[in-house]
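The file data_0.txt contains compact mmCIF, C-alpha atoms:
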```
# COMPACT_ATOMS: atom_id res chain seq x y z
CA MET A 25 -11.84 -16.79 20.16
CA LYS A 26 -14.28 -16.42 17.26
CA VAL A 27 -12.96 -13.90 14.74
CA ALA A 28 -14.80 -12.43 11.75
CA VAL A 29 -12.80 -10.79 8.95
CA VAL A 30 -15.16 -8.49 7.05
CA GLY A 31 -13.82 -7.86 3.55
CA SER A 32 -11.80 -11.07 3.58
CA THR A 33 -11.46 -11.26 -0.23
CA GLY A 34 -9.99 -7.76 -0.59
CA MET A 35 -6.32 -6.85 -0.75
CA VAL A 36 -6.10 -5.85 2.94
CA GLY A 37 -8.48 -8.63 4.02
CA GLN A 38 -6.21 -11.24 2.47
CA VAL A 39 -3.21 -9.79 4.31
CA MET A 40 -5.23 -9.78 7.55
CA LEU A 41 -5.78 -13.53 7.22
CA LYS A 42 -2.08 -13.98 6.54
CA VAL A 43 -1.06 -11.87 9.55
CA LEU A 44 -3.52 -13.64 11.89
CA GLU A 45 -1.94 -16.92 10.82
CA GLU A 46 1.67 -15.73 11.03
CA ARG A 47 1.21 -14.22 14.49
CA ASN A 48 -0.67 -17.30 15.66
CA PHE A 49 -3.61 -15.28 16.92
CA PRO A 50 -5.85 -17.55 19.06
CA VAL A 51 -8.59 -18.10 16.46
CA THR A 52 -10.82 -21.00 17.41
CA GLU A 53 -13.34 -20.22 14.68
CA LEU A 54 -12.78 -18.05 11.62
CA ILE A 55 -15.76 -16.31 10.03
CA PRO A 56 -14.78 -14.84 6.64
CA VAL A 57 -17.21 -12.19 5.39
CA ALA A 58 -17.48 -10.54 1.99
CA SER A 59 -20.02 -9.01 -0.38
CA GLU A 60 -23.08 -10.96 -1.48
CA LYS A 61 -21.42 -11.99 -4.76
CA SER A 62 -18.68 -13.79 -2.79
CA VAL A 63 -20.94 -15.59 -0.31
CA GLY A 64 -20.41 -19.35 -0.58
CA LYS A 65 -16.92 -19.04 -2.01
CA LYS A 66 -13.90 -20.25 -0.02
CA VAL A 67 -10.88 -18.60 1.55
CA LYS A 68 -7.79 -20.38 2.90
CA TYR A 69 -6.54 -20.02 6.44
CA LYS A 70 -3.95 -22.32 8.02
CA GLN A 71 -4.26 -24.82 5.17
CA GLU A 72 -8.03 -25.09 5.73
CA GLU A 73 -10.83 -23.77 3.57
CA PHE A 74 -13.54 -21.61 5.13
CA THR A 75 -16.82 -20.63 3.49
CA ILE A 76 -17.53 -16.93 3.09
CA VAL A 77 -20.75 -15.81 4.78
CA SER A 78 -22.88 -12.68 4.56
CA ILE A 79 -22.39 -9.84 6.99
CA LYS A 80 -25.76 -10.50 8.65
CA ASP A 81 -24.91 -14.17 9.15
CA ALA A 82 -21.62 -13.07 10.70
CA ILE A 83 -23.46 -10.94 13.27
CA ALA A 84 -25.72 -13.90 14.07
CA ALA A 85 -22.64 -16.09 14.60
CA LYS A 86 -21.61 -13.77 17.48
CA PRO A 87 -17.83 -13.56 16.98
CA ASP A 88 -15.76 -12.07 19.82
CA ILE A 89 -13.92 -9.74 17.44
CA ALA A 90 -14.76 -8.49 13.93
CA ILE A 91 -11.93 -6.93 11.93
CA PHE A 92 -13.35 -4.74 9.16
CA SER A 93 -11.67 -3.83 5.89
CA ALA A 94 -14.65 -3.30 3.66
CA GLY A 95 -14.90 0.45 3.11
CA GLY A 96 -16.41 3.33 5.03
CA SER A 97 -20.05 2.93 3.99
CA THR A 98 -20.06 -0.74 5.05
CA SER A 99 -18.50 0.18 8.39
CA LEU A 100 -20.94 3.00 9.04
CA GLU A 101 -23.89 0.70 8.38
CA PHE A 102 -22.76 -2.51 10.02
CA ALA A 103 -20.14 -1.78 12.69
CA PRO A 104 -22.84 -0.42 15.07
CA GLN A 105 -24.89 -3.60 14.49
CA PHE A 106 -21.92 -5.75 15.50
CA ALA A 107 -21.29 -3.50 18.52
CA GLU A 108 -24.93 -3.72 19.62
CA ALA A 109 -24.58 -7.52 19.54
CA GLY A 110 -21.64 -7.23 21.97
CA ILE A 111 -18.97 -7.82 19.30
CA THR A 112 -15.79 -5.72 19.37
CA VAL A 113 -15.11 -4.14 15.98
CA ILE A 114 -11.65 -3.08 14.78
CA ASP A 115 -12.31 -0.96 11.72
CA ASN A 116 -9.76 -0.22 9.01
CA SER A 117 -11.81 2.40 7.13
CA SER A 118 -11.86 6.14 7.76
CA ALA A 119 -15.47 6.00 8.99
CA TRP A 120 -14.84 6.27 12.73
CA ARG A 121 -11.32 7.69 13.02
CA MET A 122 -12.23 11.24 13.93
CA ASP A 123 -15.39 10.37 15.87
CA PRO A 124 -14.74 11.88 19.33
CA ASP A 125 -16.36 8.83 20.97
CA LYS A 126 -14.13 6.28 19.20
CA LYS A 127 -10.51 5.44 19.99
CA LEU A 128 -7.92 5.73 17.20
CA VAL A 129 -5.13 3.32 18.06
CA VAL A 130 -1.55 2.45 17.18
CA PRO A 131 -0.77 -0.16 19.87
CA GLU A 132 2.88 0.79 20.46
CA ILE A 133 1.84 4.42 20.99
CA ASN A 134 -1.55 4.58 22.72
CA ALA A 135 -3.09 1.12 23.32
CA ASP A 136 -3.50 2.06 26.98
CA VAL A 137 -6.55 4.19 26.06
CA LEU A 138 -8.58 1.02 25.31
CA THR A 139 -11.25 -0.27 27.67
CA LYS A 140 -13.91 -3.01 27.67
CA GLU A 141 -16.46 -0.37 26.74
CA ASP A 142 -14.78 0.32 23.38
CA LYS A 143 -16.86 -1.71 20.94
CA ILE A 144 -15.80 0.14 17.77
CA ILE A 145 -12.05 0.84 17.57
CA ALA A 146 -10.59 2.73 14.63
CA ASN A 147 -7.44 1.64 12.80
CA PRO A 148 -5.62 4.78 11.54
CA ASN A 149 -4.73 5.67 7.98
CA CYS A 150 -1.74 3.72 6.66
CA SER A 151 0.46 6.81 6.28
CA THR A 152 -0.54 8.06 9.72
CA ILE A 153 0.50 4.81 11.44
CA GLN A 154 4.11 4.87 10.26
CA LEU A 155 4.34 8.62 10.96
CA VAL A 156 3.16 8.45 14.59
CA MET A 157 5.43 5.47 15.30
CA VAL A 158 8.24 8.00 14.93
CA LEU A 159 6.52 11.19 16.15
CA GLY A 160 5.22 9.58 19.35
CA PRO A 161 8.49 8.89 21.16
CA LEU A 162 10.13 12.09 19.85
CA ASN A 163 7.19 14.21 21.02
CA LYS A 164 7.57 12.84 24.55
CA ARG A 165 11.22 13.86 24.66
CA TYR A 166 11.42 17.10 22.66
CA ASP A 167 7.83 18.40 22.29
CA LEU A 168 6.58 18.79 18.72
CA LYS A 169 6.05 22.30 17.36
CA ARG A 170 5.50 21.77 13.62
CA VAL A 171 5.59 18.78 11.26
CA ILE A 172 5.78 18.87 7.44
CA VAL A 173 5.25 15.51 5.75
CA SER A 174 5.46 14.60 2.06
CA THR A 175 4.40 11.06 1.17
CA TYR A 176 5.43 8.73 -1.65
CA GLN A 177 2.61 6.20 -1.60
CA SER A 178 2.34 2.77 -3.19
CA VAL A 179 -0.43 1.94 -5.64
CA THR A 180 -1.53 -0.87 -3.29
CA GLY A 181 -2.97 1.90 -1.12
CA THR A 182 -5.61 2.37 -3.82
CA GLY A 183 -6.34 -1.34 -4.21
CA LYS A 184 -6.10 -4.19 -6.68
CA ALA A 185 -7.41 -2.18 -9.64
CA ALA A 186 -4.54 0.29 -9.22
CA VAL A 187 -2.00 -2.54 -9.17
CA ASP A 188 -3.63 -3.88 -12.34
CA GLN A 189 -3.35 -0.44 -13.97
CA LEU A 190 0.36 -0.15 -13.13
CA ASN A 191 1.17 -3.65 -14.35
CA ALA A 192 -0.83 -3.12 -17.55
CA GLU A 193 1.02 0.11 -18.26
CA ILE A 194 4.38 -1.58 -17.65
CA SER A 195 3.48 -4.30 -20.16
CA GLY A 196 1.93 -1.88 -22.67
CA ASP A 197 -1.60 -3.26 -22.30
CA ASP A 198 -4.19 -0.55 -23.06
CA SER A 199 -7.22 -2.73 -22.32
CA VAL A 200 -7.16 -2.29 -18.51
CA SER A 201 -9.29 0.58 -17.24
CA ARG A 202 -7.62 3.44 -15.39
CA VAL A 203 -8.16 4.04 -11.69
CA TYR A 204 -6.06 7.19 -11.75
CA PRO A 205 -6.72 10.22 -13.97
CA TYR A 206 -3.29 9.76 -15.59
CA GLN A 207 -0.87 6.91 -16.14
CA ILE A 208 1.06 5.97 -13.00
CA PHE A 209 3.96 4.12 -14.68
CA LYS A 210 6.96 6.46 -15.07
CA ASN A 211 4.95 9.13 -13.28
CA ALA A 212 4.13 10.62 -9.87
CA LEU A 213 0.66 11.95 -9.07
CA PRO A 214 0.30 14.63 -6.36
CA HIS A 215 -3.20 13.26 -5.86
CA CYS A 216 -4.12 10.65 -3.23
CA ASP A 217 -7.89 10.36 -2.70
CA VAL A 218 -10.26 13.20 -3.68
CA PHE A 219 -9.70 16.94 -3.44
CA GLY A 220 -11.72 18.97 -0.97
CA ASP A 221 -12.89 22.60 -1.12
CA ASP A 222 -9.59 23.70 0.47
CA ASP A 223 -7.59 22.00 -2.34
CA TYR A 224 -6.14 19.41 0.04
CA THR A 225 -6.91 15.75 -0.64
CA LYS A 226 -8.72 13.60 1.92
CA GLU A 227 -5.48 11.66 2.42
CA GLU A 228 -3.64 14.87 3.34
CA ILE A 229 -6.36 15.92 5.77
CA LYS A 230 -6.21 12.50 7.46
CA LEU A 231 -2.45 12.92 7.89
CA MET A 232 -2.99 16.38 9.36
CA LYS A 233 -5.68 15.38 11.86
CA GLU A 234 -5.14 11.77 12.93
CA PRO A 235 -1.68 12.10 14.57
CA LYS A 236 -3.00 14.74 16.99
CA LYS A 237 -5.77 12.41 18.13
CA ILE A 238 -3.47 9.40 18.51
CA LEU A 239 -0.84 11.38 20.42
CA GLY A 240 -3.49 13.14 22.51
CA ASP A 241 -1.81 16.43 21.64
CA ASP A 242 -3.20 19.25 19.52
CA THR A 243 -0.54 21.82 20.45
CA PHE A 244 1.61 21.23 17.34
CA ASN A 245 0.94 22.10 13.69
CA LEU A 246 1.08 19.56 10.87
CA THR A 247 0.79 19.93 7.10
CA ALA A 248 0.98 17.28 4.38
CA THR A 249 1.36 16.66 0.65
CA ALA A 250 0.46 13.13 -0.47
CA VAL A 251 1.89 11.74 -3.71
CA ARG A 252 1.16 8.44 -5.50
CA VAL A 253 4.23 6.79 -7.03
CA PRO A 254 4.68 3.68 -9.25
CA VAL A 255 5.69 1.42 -6.36
CA GLN A 256 3.80 -1.82 -5.70
CA GLY A 257 4.37 -2.20 -1.95
CA GLY A 258 5.34 0.24 0.78
CA HIS A 259 4.74 3.90 1.57
CA SER A 260 7.60 6.36 2.09
CA GLU A 261 7.53 9.71 3.88
CA SER A 262 9.91 12.67 3.96
CA VAL A 263 9.31 14.33 7.32
CA ASN A 264 10.53 17.68 8.66
CA ILE A 265 10.01 18.08 12.41
CA GLU A 266 10.45 21.31 14.35
CA PHE A 267 10.64 20.82 18.13
CA GLU A 268 10.09 23.18 21.03
CA ASN A 269 13.27 21.82 22.63
CA GLU A 270 16.80 21.22 21.38
CA PHE A 271 17.74 17.65 20.44
CA ASP A 272 20.83 15.52 20.05
CA LEU A 273 21.07 13.36 16.91
CA ASP A 274 22.61 10.39 18.70
CA GLU A 275 19.86 10.55 21.30
CA VAL A 276 17.21 10.72 18.54
CA ARG A 277 18.64 7.54 17.00
CA LYS A 278 18.76 5.86 20.41
CA ILE A 279 15.15 6.80 21.24
CA LEU A 280 13.90 5.48 17.90
CA SER A 281 16.00 2.29 18.01
CA GLU A 282 14.50 1.53 21.45
CA THR A 283 10.92 2.09 20.24
CA PRO A 284 9.12 -1.25 19.74
CA GLY A 285 8.26 -1.78 16.08
CA VAL A 286 10.76 0.81 14.79
CA VAL A 287 13.99 -0.13 13.02
CA VAL A 288 16.67 2.54 12.48
CA MET A 289 18.47 2.17 9.13
CA ASP A 290 20.76 5.17 9.08
CA ASP A 291 24.23 4.56 7.69
CA VAL A 292 24.53 6.75 4.61
CA LYS A 293 28.26 6.05 4.22
CA ASN A 294 27.27 2.49 3.29
CA ASN A 295 24.07 3.48 1.43
CA HIS A 296 21.99 1.97 4.24
CA TYR A 297 18.60 3.65 4.40
CA PRO A 298 14.92 2.61 4.27
CA MET A 299 13.29 1.77 0.95
CA PRO A 300 9.87 0.35 0.07
CA LEU A 301 11.63 -2.55 -1.66
CA TYR A 302 13.12 -3.48 1.72
CA SER A 303 9.96 -2.93 3.78
CA GLU A 304 7.60 -5.03 1.66
CA GLY A 305 6.27 -8.00 3.61
CA LYS A 306 7.63 -6.74 6.94
CA ASP A 307 5.78 -5.43 10.00
CA GLU A 308 8.32 -2.90 11.24
CA VAL A 309 8.52 0.83 10.51
CA PHE A 310 11.92 1.78 9.10
CA VAL A 311 13.49 5.19 9.67
CA GLY A 312 16.67 6.71 8.28
CA ARG A 313 18.28 9.80 6.68
CA ILE A 314 18.18 11.27 10.19
CA ARG A 315 19.81 14.71 10.06
CA ARG A 316 19.48 18.29 11.20
CA ASP A 317 17.60 20.80 9.09
CA LEU A 318 20.39 23.27 8.32
CA SER A 319 17.91 26.07 7.54
CA GLN A 320 16.55 26.57 11.06
CA PRO A 321 17.20 25.53 14.68
CA LYS A 322 15.60 22.65 16.63
CA THR A 323 14.47 21.01 13.37
CA LEU A 324 15.01 17.44 12.18
CA ASN A 325 14.72 15.76 8.78
CA LEU A 326 14.09 12.03 8.43
CA TRP A 327 12.71 9.38 6.06
CA ILE A 328 10.11 6.80 7.12
CA VAL A 329 9.11 3.66 5.20
CA ALA A 330 6.63 0.86 6.00
CA ASP A 331 4.55 -1.79 4.25
CA ASN A 332 1.18 -0.07 3.94
CA LEU A 333 -0.79 -3.33 3.74
CA ARG A 334 0.86 -4.77 6.86
CA LYS A 335 1.78 -2.26 9.60
CA GLY A 336 -0.22 0.34 7.69
CA ALA A 337 -3.38 -1.75 7.88
CA ALA A 338 -3.59 -5.48 8.67
CA THR A 339 -0.81 -5.88 11.22
CA ASN A 340 -1.86 -2.82 13.21
CA ALA A 341 -5.45 -4.14 13.37
CA VAL A 342 -4.28 -7.58 14.53
CA GLN A 343 -2.00 -5.95 17.11
CA ILE A 344 -5.05 -4.11 18.50
CA ALA A 345 -6.85 -7.47 18.73
CA GLU A 346 -3.82 -8.99 20.49
CA TYR A 347 -3.83 -6.17 23.04
CA LEU A 348 -7.56 -6.68 23.71
CA VAL A 349 -7.05 -10.41 24.32
CA GLU A 350 -3.90 -9.94 26.42
CA HIS A 351 -5.62 -7.40 28.69
CA ASN A 352 -8.96 -9.27 28.93
CA LEU A 353 -10.87 -6.50 27.16
CA VAL A 354 -12.91 -8.92 25.01
```

Go through the file and emit its structure as structure tokens.
Amino acid sequence: MKVAVVGSTGMVGQVMLKVLEERNFPVTELIPVASEKSVGKKVKYKQEEFTIVSIKDAIAAKPDIAIFSAGGSTSLEFAPQFAEAGITVIDNSSAWRMDPDKKLVVPEINADVLTKEDKIIANPNCSTIQLVMVLGPLNKRYDLKRVIVSTYQSVTGTGKAAVDQLNAEISGDDSVSRVYPYQIFKNALPHCDVFGDDDYTKEEIKLMKEPKKILGDDTFNLTATAVRVPVQGGHSESVNIEFENEFDLDEVRKILSETPGVVVMDDVKNNHYPMPLYSEGKDEVFVGRIRRDLSQPKTLNLWIVADNLRKGAATNAVQIAEYLVEHNLV
């Protein structure tokens, strides 16, 4: 299995290499790809050094799978070229997510939609992934009516420059350039990605659209507010879910605890609940603070946390690749 990792020097690309190694994905030949300025440099994988190649050389090498984490413009330009060469692309950018001809996949929820014909497969937004891991099984049982989600997102979602800004502000270093319009240390910015004409950010629109596509259900309403917080690893979400049908709290906990990839941490008497500090470096989605909304019927409140670089990006992409291999789709 020849595997190309496009964007292998980036924050997510580095985690992808780590996850491929940890999960012992059947890589017989690794093809690390990065921008022209990185070509010829080395990356480490399984104690070996591999030379970074250009994206065009990667296409010529004919990998079986190419996992992209190099930004939307790169994906729009080059993913079709890989696909035309018969290479299956798993793309981590937003470029193809809402394309009606491309599948948007969280393996535990909807991997069964994949076929051999799918040559460009979209990896969802990091916040979307952890959200649908919880919404999916609950929708099957109780039927979603309306979802309100407020996110508390790590600076790693913006990239290395944002981590550098936070660390510089913590240490009092004014020489590092700002990625955000304001300081992030000791602050919270209700501003993830750019604002659109409707005054929602792109991140919020992704959260409002992607779950419907993944769940194959556009009968429920969803609204979002996305907030950047001074946390270095892990996104958190406060989620209010109104169902069409009545639910039982013990059954909700049972459904979620039996969902692959979901861990219920819900013992408030012992201060046991999900936190980004706990999720960092882990692949599971953690859910807690499960309780009824006392203001209206058939409505649930809960708190969801996951490592945005792992399940929110790299791990989900590798899991898609694992499904393709396991079901002989590549």

Problem set entry | Closest of A:Gly96, A:Gly31, A:Gly110, A:Gly312 to Ser262 (chain A) - atom-to-atom distances counting only C-alpha atoms |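 The answer is A:Gly312, which sits nearest to Ser262 (chain A).
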
For this session: Please provide the set of residues having any atom within 12 Å of Gln207 (chain A), restricted to only C-alpha atoms, with same-chain residues fewer than 4 positions apart removed, written as a list in words.
Result: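 Neighbouring residues, sequence-local ones excluded: Val179, Ala186, Val187, Asp188, Gln189, Leu190, Asn191, Ala192, Glu193, Ile194, Gly196, Asp197, Asp198, Val200, Ser201, Arg202, Val203, Asn211, Ala212, Leu213, Arg252, Val253 and Pro254 of chain A.
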
For this session: Around the point (5.8, 19.3, 8.5) in the file's coordinates, collect all residues with an atom within 6 Å, using only C-alpha atoms, and return them as a list in words.
Result: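 Here the neighbourhood of the point contains Arg170, Val171, Ile172, Val173, Leu246, Thr247, Asn264 and Ile265 of chain A.
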
Exercise. Which of these, A:Val29, A:Ile114, A:Val51, A:Val39, has the shortest distance to Lys306 (chain A) once you count all atoms listed in the file?
Worked result: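 Using all atoms listed in the file, Lys306 (chain A) sits closest to A:Val39.
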
For this session: For CA of Val288 (chain A) and CA of Thr152 (chain A), quote the distance in Å rounded to one decimal.
Result: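 Pair CA of Val288 (chain A) / CA of Thr152 (chain A) returns 18.3 Å.
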
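Minimum atom-to-atom distances from A:Val287, A:Ala109, A:Val43, A:Leu301 to Tyr69 (chain A) were compared using only C-alpha atoms, and the lowest value belongs to A:Val43.
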
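Of the residues under consideration (A:Asp241, A:Glu308, A:Glu261, A:Asp317), A:Glu308 shows the shortest atom-to-atom contact distance to Arg334 (chain A) when counting all atoms listed in the file.
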
Seminar exercise, completed: Expressed in Å, the length from CA of Val57 (chain A) to CA of Cys150 (chain A) is 22.2 Å

Centre, edges in Å (one decimal): axis-aligned box, region 284-302 of chain A, 4 Å padding on all six sides, as AutoDock Vina command-line options:
```
--center_x 18.3 --center_y 1.6 --center_z 9.0 --size_x 28.0 --size_y 18.2 --size_z 29.4
```

Exercise. Mind pulling up the distance from CA of Val309 (chain A) to CA of Thr175 (chain A)?
Worked result: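 Straight-line distance from CA of Thr175 (chain A) to CA of Val309 (chain A) works out to 14.5 Å.
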
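In this comparison, which uses only C-alpha atoms, the residue of A:Lys278, A:His215, A:Lys233, A:Lys66 approaching Leu162 (chain A) most closely is A:Lys278.
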
For this session: Give the answer as one residue: which of A:Asn147, A:Thr323, A:Gln256, A:Asn245 has the shortest atom-to-atom distance to Asp272 (chain A), using all atoms listed in the file?
Result: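 Looking at the shortest contact to Asp272 (chain A), the residue is A:Thr323.
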
For this session: Skip Lys86 (chain A) itself and residues of its chain fewer than 2 positions away, then list as a PyMOL selection string all residues within 8 Å of it, counting only C-alpha atoms.
Result: chain A and resi 26+82-84+88+109-111

For this session: List every protein, DNA or RNA residue that has an atom no more than 8 Å from (-2.0, 15.4, 2.3) in the file's coordinate frame, counting only C-alpha atoms, and report them as a list of chain:residue names.
Result: A:Ser174, A:Thr175, A:Cys216, A:Tyr224, A:Thr225, A:Lys226, A:Glu227, A:Glu228, A:Ile229, A:Lys230, A:Leu231, A:Met232, A:Thr247, A:Ala248, A:Thr249, A:Ala250
